[in-house]
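Novice: Just one file: final_3.txt, with compact mmCIF, C-alpha atoms and all ligand atoms.
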# COMPACT_ATOMS: atom_id res chain seq x y z
CA MET A 1 21.44 44.78 13.30
CA ILE A 2 19.21 43.97 16.29
CA VAL A 3 16.89 46.50 17.92
CA ILE A 4 15.66 45.54 21.41
CA GLY A 5 12.16 46.96 21.95
CA GLY A 6 9.30 47.75 19.59
CA GLY A 7 8.19 51.10 21.00
CA VAL A 8 8.29 54.42 19.16
CA ILE A 9 12.06 54.64 19.59
CA GLY A 10 12.89 51.10 18.47
CA LEU A 11 10.50 51.08 15.51
CA SER A 12 11.50 54.58 14.31
CA ALA A 13 15.16 53.57 14.44
CA ALA A 14 14.35 50.31 12.62
CA MET A 15 12.52 52.23 9.89
CA ARG A 16 15.43 54.62 9.33
CA LEU A 17 17.99 51.80 9.42
CA ALA A 18 15.99 49.73 6.94
CA GLN A 19 15.62 52.80 4.70
CA ALA A 20 19.39 53.07 4.73
CA GLY A 21 19.63 49.48 3.52
CA ALA A 22 20.56 47.74 6.79
CA ALA A 23 19.25 44.28 7.65
CA VAL A 24 17.24 44.90 10.84
CA ALA A 25 15.52 42.64 13.35
CA VAL A 26 13.29 44.20 16.03
CA LEU A 27 12.88 41.94 19.06
CA GLU A 28 9.84 42.86 21.16
CA ARG A 29 8.97 41.14 24.42
CA GLY A 30 5.20 41.48 23.98
CA GLU A 31 3.28 43.16 21.14
CA THR A 32 4.86 46.18 19.40
CA GLY A 33 3.74 49.67 20.40
CA ARG A 34 1.70 48.67 23.43
CA GLU A 35 3.70 50.24 26.23
CA SER A 36 4.57 53.88 26.89
CA SER A 37 4.40 54.82 23.21
CA TRP A 38 0.78 53.68 23.05
CA ALA A 39 -0.14 55.14 26.46
CA GLY A 40 1.07 58.66 25.73
CA ALA A 41 -0.89 61.69 24.60
CA GLY A 42 0.91 62.29 21.31
CA ILE A 43 1.73 65.95 21.91
CA ILE A 44 4.61 67.19 19.76
CA ASP A 45 5.85 70.11 21.80
CA ALA A 46 8.61 72.35 20.49
CA GLY A 47 9.38 73.45 24.06
CA SER A 48 10.63 76.64 25.57
CA LEU A 49 12.47 79.10 23.35
CA ALA A 50 14.14 80.43 26.50
CA ARG A 51 16.03 77.16 26.91
CA ASN A 52 19.13 76.39 24.91
CA ASP A 53 20.49 73.31 26.67
CA ALA A 54 21.32 70.14 24.75
CA LEU A 55 17.90 68.57 25.30
CA ALA A 56 16.04 71.71 24.21
CA ARG A 57 18.13 71.80 21.02
CA LEU A 58 17.55 68.09 20.34
CA ARG A 59 13.82 68.64 20.82
CA ARG A 60 13.73 71.57 18.38
CA THR A 61 15.64 69.54 15.79
CA SER A 62 13.19 66.65 16.19
CA VAL A 63 10.12 68.89 15.93
CA ALA A 64 11.52 70.47 12.76
CA ARG A 65 11.93 66.99 11.25
CA TYR A 66 8.43 65.81 12.21
CA PRO A 67 6.60 66.65 8.97
CA ASP A 68 9.16 64.72 6.87
CA PHE A 69 9.20 61.84 9.35
CA ILE A 70 5.40 61.57 9.22
CA ALA A 71 5.38 61.88 5.44
CA ASP A 72 7.76 58.91 5.23
CA VAL A 73 5.79 56.82 7.74
CA GLN A 74 2.48 57.49 5.98
CA ARG A 75 3.85 56.94 2.47
CA LEU A 76 5.53 53.67 3.43
CA SER A 77 2.65 52.31 5.50
CA GLY A 78 -0.34 53.74 3.64
CA LEU A 79 -1.84 54.69 7.04
CA ASP A 80 -3.01 58.10 8.25
CA VAL A 81 -1.65 58.89 11.73
CA GLN A 82 -3.56 62.18 12.08
CA PHE A 83 -0.51 64.35 12.62
CA HIS A 84 -1.48 68.01 12.60
CA VAL A 85 -0.31 71.33 13.99
CA CYS A 86 -3.09 72.24 16.40
CA GLY A 87 -1.37 74.86 18.59
CA SER A 88 -1.61 74.97 22.36
CA LEU A 89 -2.71 77.29 25.13
CA ASP A 90 -0.64 77.31 28.29
CA LEU A 91 -3.17 78.40 30.89
CA ILE A 92 -2.01 81.05 33.36
CA THR A 93 -3.48 81.06 36.84
CA ASP A 94 -0.88 82.85 38.97
CA ALA A 95 1.71 85.63 38.91
CA ASN A 96 4.68 83.29 38.51
CA GLN A 97 3.20 81.71 35.42
CA MET A 98 2.40 85.15 34.03
CA ASN A 99 6.02 86.28 34.53
CA SER A 100 7.32 83.14 32.81
CA ALA A 101 4.89 83.58 29.92
CA ARG A 102 5.96 87.22 29.46
CA ARG A 103 9.62 86.16 29.43
CA GLU A 104 8.90 83.41 26.92
CA ALA A 105 6.99 85.79 24.64
CA ALA A 106 9.84 88.33 24.89
CA VAL A 107 12.45 85.69 23.98
CA ALA A 108 10.36 84.70 20.97
CA GLU A 109 10.16 88.32 19.84
CA ARG A 110 13.91 88.86 20.28
CA ALA A 111 14.61 85.63 18.39
CA GLY A 112 12.42 86.87 15.56
CA VAL A 113 10.08 83.88 15.90
CA THR A 114 7.14 86.00 14.94
CA GLY A 115 3.63 84.68 15.30
CA ALA A 116 4.69 81.52 17.15
CA LEU A 117 3.93 82.75 20.66
CA ALA A 118 1.28 85.20 21.82
CA LEU A 119 0.07 86.20 25.26
CA LEU A 120 -3.73 86.28 25.30
CA GLU A 121 -5.48 88.14 28.09
CA GLY A 122 -9.03 89.13 29.04
CA GLU A 123 -11.35 89.57 26.07
CA ALA A 124 -8.78 88.30 23.57
CA LEU A 125 -8.65 84.98 25.45
CA ARG A 126 -12.46 84.85 25.85
CA THR A 127 -12.85 85.28 22.09
CA ALA A 128 -10.15 82.73 21.21
CA ALA A 129 -11.24 80.17 23.82
CA PRO A 130 -14.84 80.75 24.93
CA TYR A 131 -14.98 77.23 26.41
CA LEU A 132 -12.45 78.04 29.17
CA ALA A 133 -13.53 78.61 32.78
CA ARG A 134 -14.11 82.34 33.41
CA ASP A 135 -11.40 82.58 36.07
CA VAL A 136 -8.64 81.66 33.62
CA GLY A 137 -7.56 85.20 32.81
CA ALA A 138 -4.64 84.62 30.45
CA ALA A 139 -2.83 82.01 28.35
CA LEU A 140 0.32 81.76 26.29
CA ARG A 141 -0.59 80.56 22.81
CA ASP A 142 2.05 78.47 21.06
CA ALA A 143 1.21 78.03 17.40
CA ARG A 144 4.01 75.45 16.93
CA THR A 145 2.47 72.63 19.02
CA ALA A 146 1.33 69.60 17.05
CA GLN A 147 -0.22 66.24 17.87
CA VAL A 148 -0.23 62.74 16.46
CA ARG A 149 -2.55 59.76 17.16
CA ASN A 150 0.25 57.81 18.79
CA PRO A 151 -1.43 54.35 18.73
CA ARG A 152 -1.88 54.82 14.96
CA LEU A 153 1.71 56.02 14.64
CA MET A 154 2.82 52.80 16.31
CA GLN A 155 0.83 50.64 13.84
CA ALA A 156 2.12 52.66 10.91
CA LEU A 157 5.75 52.49 12.04
CA ARG A 158 5.59 48.72 12.23
CA VAL A 159 4.03 48.41 8.78
CA ALA A 160 6.58 50.86 7.35
CA ALA A 161 9.53 49.04 8.90
CA GLU A 162 8.27 45.63 7.73
CA ARG A 163 7.60 46.86 4.19
CA LEU A 164 11.20 48.03 4.11
CA GLY A 165 12.27 44.49 5.03
CA ALA A 166 12.68 44.72 8.82
CA ASP A 167 12.07 41.44 10.64
CA VAL A 168 9.78 42.36 13.56
CA ARG A 169 9.48 39.54 16.10
CA THR A 170 6.92 39.74 18.91
CA ASP A 171 6.78 37.64 22.10
CA CYS A 172 10.56 37.64 21.89
CA GLU A 173 12.12 38.84 25.14
CA VAL A 174 15.83 39.59 25.14
CA THR A 175 17.33 38.21 28.33
CA ASP A 176 20.94 39.31 27.89
CA LEU A 177 23.55 40.69 25.54
CA CYS A 178 26.20 38.38 24.13
CA VAL A 179 29.67 39.82 24.74
CA GLU A 180 32.73 38.33 23.08
CA GLY A 181 36.23 39.78 23.26
CA GLY A 182 34.86 42.92 24.94
CA ARG A 183 32.38 43.53 22.07
CA VAL A 184 28.64 43.03 21.87
CA SER A 185 28.08 40.32 19.29
CA GLY A 186 24.35 39.70 19.62
CA VAL A 187 21.63 38.88 22.14
CA ARG A 188 20.11 35.95 23.96
CA CYS A 189 16.36 35.49 23.77
CA ALA A 190 13.85 32.67 24.14
CA ALA A 191 14.64 31.51 20.60
CA GLY A 192 18.32 31.15 21.50
CA ARG A 193 21.27 33.28 20.51
CA LEU A 194 21.03 35.82 17.69
CA SER A 195 24.19 37.41 16.29
CA ALA A 196 24.56 40.94 14.94
CA PRO A 197 27.42 43.44 14.62
CA HIS A 198 25.30 46.16 16.28
CA VAL A 199 22.62 45.99 18.97
CA VAL A 200 20.36 48.97 19.71
CA LEU A 201 18.91 49.07 23.22
CA ALA A 202 15.45 50.72 23.04
CA ALA A 203 13.57 48.84 25.75
CA GLY A 204 11.96 51.90 27.36
CA ALA A 205 11.38 51.75 31.12
CA TRP A 206 12.80 48.21 31.18
CA SER A 207 16.12 49.11 29.56
CA SER A 208 18.33 48.88 32.66
CA GLY A 209 17.17 45.33 33.32
CA VAL A 210 18.04 43.82 29.93
CA GLY A 211 20.71 41.38 31.09
CA GLN A 212 23.73 41.82 33.31
CA HIS A 213 25.79 44.37 31.36
CA VAL A 214 23.47 47.31 30.79
CA ALA A 215 22.81 48.71 34.27
CA ALA A 216 26.39 50.02 34.48
CA PHE A 217 25.69 52.44 31.60
CA VAL A 218 21.96 53.12 31.71
CA ASP A 219 19.98 54.11 34.81
CA VAL A 220 16.38 54.20 33.63
CA ARG A 221 13.36 53.82 35.90
CA PRO A 222 9.62 53.65 35.25
CA VAL A 223 7.57 56.79 35.94
CA ARG A 224 3.87 56.01 35.70
CA GLY A 225 1.60 58.45 33.91
CA GLN A 226 -2.19 58.10 33.83
CA ILE A 227 -4.64 59.38 31.25
CA VAL A 228 -8.46 59.59 31.23
CA LEU A 229 -10.22 59.50 27.87
CA LEU A 230 -13.52 61.33 27.39
CA GLN A 231 -15.90 61.36 24.44
CA ALA A 232 -17.66 64.66 23.72
CA PRO A 233 -20.46 64.84 21.11
CA ALA A 234 -18.27 67.11 18.96
CA PRO A 235 -14.69 68.39 19.29
CA PRO A 236 -15.06 70.93 22.15
CA PHE A 237 -11.86 72.82 21.23
CA ALA A 238 -9.00 72.46 18.77
CA SER A 239 -5.82 73.38 20.65
CA VAL A 240 -4.00 71.39 23.30
CA LEU A 241 -4.59 72.99 26.72
CA MET A 242 -1.78 72.87 29.24
CA HIS A 243 -1.42 73.72 32.91
CA GLY A 244 1.60 72.55 34.89
CA LYS A 245 1.83 68.80 34.39
CA ARG A 246 -1.83 68.55 33.33
CA TYR A 247 -3.11 68.85 29.80
CA LEU A 248 -6.15 68.24 27.62
CA VAL A 249 -5.67 66.95 24.09
CA PRO A 250 -8.62 67.15 21.69
CA ARG A 251 -8.72 64.57 18.88
CA CYS A 252 -10.55 65.24 15.61
CA ASP A 253 -13.50 63.00 16.50
CA GLY A 254 -14.55 64.52 19.85
CA LEU A 255 -12.30 62.33 22.00
CA VAL A 256 -10.43 64.31 24.67
CA LEU A 257 -7.45 62.94 26.59
CA ILE A 258 -6.80 64.38 30.04
CA GLY A 259 -3.28 63.73 31.31
CA SER A 260 -1.19 63.15 33.19
CA THR A 261 0.13 62.05 36.53
CA GLU A 262 3.82 61.57 37.32
CA GLU A 263 4.28 58.67 39.76
CA PRO A 264 7.77 57.19 40.09
CA GLU A 265 6.66 55.51 43.31
CA ALA A 266 4.34 53.16 41.34
CA GLY A 267 7.32 51.19 40.00
CA PHE A 268 6.30 48.87 37.17
CA ASP A 269 2.59 48.98 38.09
CA LYS A 270 0.64 50.35 35.10
CA ALA A 271 -2.77 50.52 36.78
CA ALA A 272 -5.03 53.53 36.54
CA THR A 273 -6.05 54.44 40.08
CA ALA A 274 -9.05 56.16 41.65
CA ALA A 275 -6.83 58.97 42.94
CA GLY A 276 -5.15 59.46 39.57
CA VAL A 277 -8.39 59.48 37.60
CA SER A 278 -10.07 61.78 40.10
CA SER A 279 -7.25 64.35 39.99
CA LEU A 280 -7.22 64.33 36.18
CA LEU A 281 -10.99 64.77 35.93
CA SER A 282 -10.84 67.62 38.47
CA ALA A 283 -8.22 69.41 36.42
CA GLY A 284 -10.09 68.85 33.16
CA LEU A 285 -13.44 70.10 34.44
CA ARG A 286 -11.86 72.98 36.32
CA PHE A 287 -10.53 74.41 33.03
CA VAL A 288 -13.29 73.28 30.63
CA PRO A 289 -16.51 73.03 32.67
CA GLY A 290 -18.47 72.07 29.55
CA LEU A 291 -16.79 68.64 29.62
CA ALA A 292 -18.90 67.68 32.66
CA SER A 293 -21.42 65.88 30.43
CA ALA A 294 -18.79 64.10 28.30
CA GLN A 295 -18.75 60.31 28.51
CA VAL A 296 -15.85 58.62 30.31
CA VAL A 297 -14.50 56.07 27.85
CA GLN A 298 -11.39 54.63 29.45
CA ALA A 299 -8.48 55.32 31.79
CA TRP A 300 -5.00 53.82 31.64
CA GLY A 301 -1.48 54.11 32.91
CA GLY A 302 1.82 53.84 31.08
CA LEU A 303 5.45 53.71 32.17
CA ARG A 304 7.68 56.52 30.95
CA PRO A 305 11.37 55.68 30.81
CA GLY A 306 12.86 58.22 33.26
CA SER A 307 16.55 58.93 33.87
CA ARG A 308 17.91 60.61 36.99
CA ASP A 309 18.97 63.78 35.20
CA GLY A 310 15.94 63.88 32.92
CA ARG A 311 17.96 63.43 29.75
CA PRO A 312 17.76 60.42 27.42
CA TYR A 313 20.64 58.03 26.94
CA LEU A 314 21.65 58.27 23.31
CA GLY A 315 24.93 57.09 21.88
CA ILE A 316 27.51 54.36 21.54
CA VAL A 317 28.63 52.63 24.72
CA GLU A 318 32.37 53.11 24.48
CA ALA A 319 33.13 50.38 27.00
CA LEU A 320 31.00 47.90 25.04
CA PRO A 321 31.55 48.43 21.31
CA GLY A 322 28.65 47.21 19.22
CA LEU A 323 26.04 48.52 21.70
CA ILE A 324 24.06 51.66 20.89
CA VAL A 325 21.64 53.01 23.47
CA ALA A 326 18.46 54.97 22.70
CA THR A 327 16.31 55.13 25.79
CA GLY A 328 15.23 57.26 28.78
CA HIS A 329 13.16 59.73 26.75
CA PHE A 330 10.82 60.24 29.72
CA ARG A 331 7.95 62.59 28.80
CA GLY A 332 9.22 63.32 25.29
CA GLY A 333 9.79 60.06 23.44
CA VAL A 334 7.12 60.60 20.79
CA THR A 335 8.43 64.13 20.16
CA LEU A 336 12.06 62.98 20.09
CA ALA A 337 11.57 59.89 17.90
CA PRO A 338 12.56 61.45 14.53
CA VAL A 339 15.91 62.83 15.70
CA THR A 340 16.63 59.74 17.81
CA ALA A 341 16.04 57.47 14.81
CA ASP A 342 18.33 59.59 12.63
CA VAL A 343 21.06 59.57 15.29
CA VAL A 344 20.87 55.78 15.66
CA ALA A 345 21.06 55.28 11.89
CA GLN A 346 24.09 57.61 11.68
CA LEU A 347 25.86 55.88 14.58
CA VAL A 348 25.39 52.49 12.94
CA GLN A 349 26.44 53.65 9.49
CA ARG A 350 29.38 55.90 10.28
CA GLY A 351 30.09 55.58 14.01
CA SER A 352 29.30 59.25 14.66
CA SER A 353 26.34 61.62 14.53
CA GLU A 354 25.80 65.18 13.38
CA SER A 355 24.05 65.87 16.73
CA ASP A 356 26.15 66.70 19.79
CA LEU A 357 25.50 63.70 22.05
CA GLU A 358 27.78 64.47 25.00
CA ALA A 359 24.86 65.40 27.30
CA PHE A 360 23.19 62.07 26.49
CA ARG A 361 26.25 59.83 26.80
CA PRO A 362 25.53 56.35 28.24
CA GLY A 363 27.54 55.87 31.43
CA ARG A 364 27.58 59.59 32.34
CA ALA A 365 27.30 60.51 36.02
CA THR A 366 23.65 61.22 36.75
CA ASP A 367 23.75 61.99 40.46
CA ARG A 368 22.36 65.51 39.88
CA HIS A 369 18.64 65.08 40.37
CA VAL A 370 16.57 67.59 38.43
CA GLU A 371 12.85 68.17 38.49
CA HIS A 372 11.35 66.02 35.75
CA ALA A 373 9.00 68.83 34.80
CA ASP A 374 12.01 70.87 33.75
CA THR A 375 13.26 68.31 31.31
CA GLY A 376 12.09 66.38 28.28
CA ASP A 377 8.37 66.50 28.59
CA GLU A 378 4.89 66.10 27.27
CA ARG A 379 5.03 69.79 28.04
CA PRO A 380 7.57 72.07 29.73
CA ALA A 381 6.22 73.70 32.87
CA ALA A 382 5.98 77.43 32.21
CA ASP A 383 6.75 78.22 35.84
CA LYS A 384 10.06 76.33 35.63
CA LEU A 385 11.61 78.34 32.82
CA PRO A 386 15.02 79.82 33.45
CA ALA A 387 15.00 83.57 33.94
C1 LIG B 1 0.74 59.00 30.09
C2 LIG B 1 1.86 59.34 29.17
C3 LIG B 1 1.76 60.43 28.35
C4 LIG B 1 2.79 60.74 27.45
N1 LIG B 1 2.61 61.77 26.57
C5 LIG B 1 3.59 62.08 25.70
C6 LIG B 1 3.41 63.11 24.77
O1 LIG B 1 2.34 63.73 24.72
N2 LIG B 1 4.44 63.43 23.93
C7 LIG B 1 5.62 62.75 23.97
O2 LIG B 1 6.54 63.10 23.20
N3 LIG B 1 5.82 61.74 24.84
C8 LIG B 1 4.84 61.39 25.70
N4 LIG B 1 5.02 60.39 26.61
C9 LIG B 1 6.33 59.76 26.71
C10 LIG B 1 6.53 58.73 25.61
O3 LIG B 1 5.39 57.93 25.52
C11 LIG B 1 7.78 57.91 25.91
O4 LIG B 1 8.90 58.73 26.12
C12 LIG B 1 8.07 56.96 24.73
O5 LIG B 1 6.94 56.21 24.42
C13 LIG B 1 9.23 56.05 25.02
O6 LIG B 1 9.35 55.17 23.93
P1 LIG B 1 10.18 53.84 24.03
O7 LIG B 1 10.12 53.19 22.71
O8 LIG B 1 11.50 54.14 24.63
O9 LIG B 1 9.43 52.98 25.14
P2 LIG B 1 8.15 51.97 25.05
O10 LIG B 1 7.08 52.53 24.20
O11 LIG B 1 7.81 51.65 26.45
O12 LIG B 1 8.76 50.75 24.28
C14 LIG B 1 9.73 49.90 24.86
C15 LIG B 1 9.44 48.51 24.33
O13 LIG B 1 10.50 47.63 24.73
C16 LIG B 1 9.92 46.37 25.04
N5 LIG B 1 10.85 45.64 25.89
C17 LIG B 1 11.15 45.88 27.18
N6 LIG B 1 12.06 44.98 27.62
C18 LIG B 1 12.32 44.15 26.58
C19 LIG B 1 13.17 43.02 26.42
N7 LIG B 1 13.93 42.56 27.43
N8 LIG B 1 13.18 42.38 25.22
C20 LIG B 1 12.42 42.83 24.17
N9 LIG B 1 11.59 43.90 24.30
C21 LIG B 1 11.54 44.56 25.48
C22 LIG B 1 8.60 46.74 25.72
O14 LIG B 1 7.69 45.66 25.73
C23 LIG B 1 8.15 47.94 24.89
O15 LIG B 1 7.29 47.55 23.83
C24 LIG B 1 3.97 59.99 27.45
C25 LIG B 1 4.08 58.87 28.28
C26 LIG B 1 3.02 58.53 29.11
C27 LIG B 1 3.11 57.30 29.96
Here is the file; what I need is its structure written in the form of structure tokens.
Specialist:
Amino acid sequence: MIVIGGGVIGLSAAMRLAQAGAAVAVLERGETGRESSWAGAGIIDAGSLARNDALARLRRTSVARYPDFIADVQRLSGLDVQFHVCGSLDLITDANQMNSARREAAVAERAGVTGALALLEGEALRTAAPYLARDVGAALRDARTAQVRNPRLMQALRVAAERLGADVRTDCEVTDLCVEGGRVSGVRCAAGRLSAPHVVLAAGAWSSGVGQHVAAFVDVRPVRGQIVLLQAPAPPFASVLMHGKRYLVPRCDGLVLIGSTEEPEAGFDKAATAAGVSSLLSAGLRFVPGLASAQVVQAWGGLRPGSRDGRPYLGIVEALPGLIVATGHFRGGVTLAPVTADVVAQLVQRGSSESDLEAFRPGRATDRHVEHADTGDERPAADKLPA
């Protein structure tokens, strides 16, 4: 079994496959866990209860499996990845957002998901979040939101996979798939040809360019996201704060991440730019003015793997038996890693999965362009919820 790509998707799949007793090699072009999976914010967002499409269901399944997934990673690696349920506040600044928040809270009540969502207004919000700018009059609190230190998760996943016997090779770029008799039989890389009965494509934003065969089934493009990291003397708040595509993520040690931009036009350029950093700082200070004196530590960009319809590619490529695709997770790859890894392991072991994968089928027509903010995300935009 060969996994192409050592990001959160490839390493999670490798860990689950190795746990199931498979012989696994992970081939990573550079160093493992240094691309999108490292660059992200680590928000584990259960998403809108008002949505019941295939991606929303996959997301809920993944979030439900997160505690067990983390327990396995930490037990196997001996590393603490600081996963915790911290809750989130979706900040409301206009009437549209308020209407969406009311709908979301009503759906939660009807679904009997008591205590998960609450609309905070006026004094209740001031008491719960005294650090917020005074003109933020309301917020939707989601008690389900969690976070993980994603760079630590990436280290831990590699250690876990290797301790289970996975062969993780770095500086090993896959240049093409080997196809014999209409079946994928292995890969070509700098070291030569490596054979395997199954190949898992998990090369993130670069997936469509892995050799000559893949682009016909997988249309993934890079979508740059930037983050600015601040250091406050003490943790200034505990919950993730969200507003549209912007968010603030407080770590346990006073670090605060402010994210994120969404820049498909940047192509494969990972740079953090003056315009990106400036817009993130403006958003951060607009909502939490007390961060003005925090120290700027670092800014970076990462390349999310985006598909045209906003859904990942997950499944067996019927036209190329032996190839399994797990890519295109866009803004939600860290959140979707547990379920994706389980699906890949099931597809390898029994050729089918308990999850309904039709919406994620490699080779599907993806001409319908949807707003990325309405899809798999670091956070779903409250103003884009269906009525
Ligand atoms: C700024 C930002 C914030 C984000 N925040 C969140 C968040 O809060 N929550 C969330 O759930 N998601 C978030 N995401 C999205 C998430 O990070 C991605 O969806 C996820 O990391 C994708 O994982 P991956 O393994 O597919 O890709 P990657 O992590 O990019 O891994 C792909 C790997 O494949 C390797 N590779 C590429 N080509 C080859 C080749 N030919 N041969 C061998 N190896 C190859 C690459 O070097 C890379 O290591 C964020 C992303 C960004 C950029």
Novice: Could you list the protein, DNA and RNA residues that have any atom within 6 Å of ligand LIG 1 (chain B), counting all atoms listed in the file, and write them as JSON, numbers by chain?
Specialist: {"A": [4, 5, 6, 7, 8, 9, 10, 27, 28, 29, 30, 32, 33, 34, 35, 36, 37, 39, 40, 41, 42, 43, 44, 172, 173, 174, 175, 202, 203, 204, 205, 206, 210, 224, 225, 226, 227, 260, 302, 303, 304, 327, 329, 330, 331, 332, 333, 334, 335, 378]}
Novice: Could you tell me which of A:Ala124, A:Ala146, A:Leu201, A:Ala272 comes closest to Gly186 of chain A if we count all atoms listed in the file?
Specialist: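 Smallest distance to Gly186 of chain A is found for A:Leu201.
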Novice: Between A:Arg60, A:Ala13, A:Ala25, A:Ser207, which has the minimum distance to Asp219 of chain A (counting all atoms listed in the file)?
Specialist: A:Ser207
Novice: Dig up all the protein and nucleic acid residues within 12 Å of (-0.2, 57.6, 7.1) in the file frame, using all atoms listed in the file, and format them as a VMD selection string.
Specialist: chain A and resid 67 to 84 148 to 150 152 to 160
Novice: Pick out the closest residue to Arg65 of chain A from this set: A:Val200, A:Ala232, A:Ala46, A:Leu132. Count all atoms listed in the file.
Specialist: A:Ala46
Novice: Give me, please, the distance in Å between atom CA of Ala143 of chain A and atom CA of Cys86 of chain A, quoted to one decimal.
Specialist: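 Atom CA of Cys86 of chain A lies 7.3 Å from atom CA of Ala143 of chain A.
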Novice: Rank A:Val223, A:Leu257, A:Ala20, A:Gly301 by their smallest atom-to-atom distance to Lys270 of chain A, using all atoms listed in the file, and report the top residue only.
Specialist: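 Answer, going by the shortest atom-to-atom distance: A:Gly301.
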Novice: So, counting all atoms listed in the file, which residue among A:Asp142, A:Arg188, A:Ala161, A:Val317 is closest to Ala215 of chain A?
Specialist: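 Smallest distance to Ala215 of chain A is found for A:Val317.
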Novice: Build an axis-aligned box that encloses every atom of segment 161-170 of chain A listed in the file, pad it by 4 Å on each side, and report its centre and edge lengths in Å to one decimal, as JSON.
Specialist:
{"center_x": 9.8, "center_y": 44.3, "center_z": 11.5, "size_x": 13.8, "size_y": 17.5, "size_z": 22.8}
Novice: For Ala129 of chain A, list every protein, DNA or RNA residue within 12 Å, evaluated using all atoms listed in the file, and leave out those in the same chain fewer than 4 positions away; present the list as a ChimeraX atom specification.
Specialist: /A:88-91,120-125,133-134,136-141,236-241,287-288
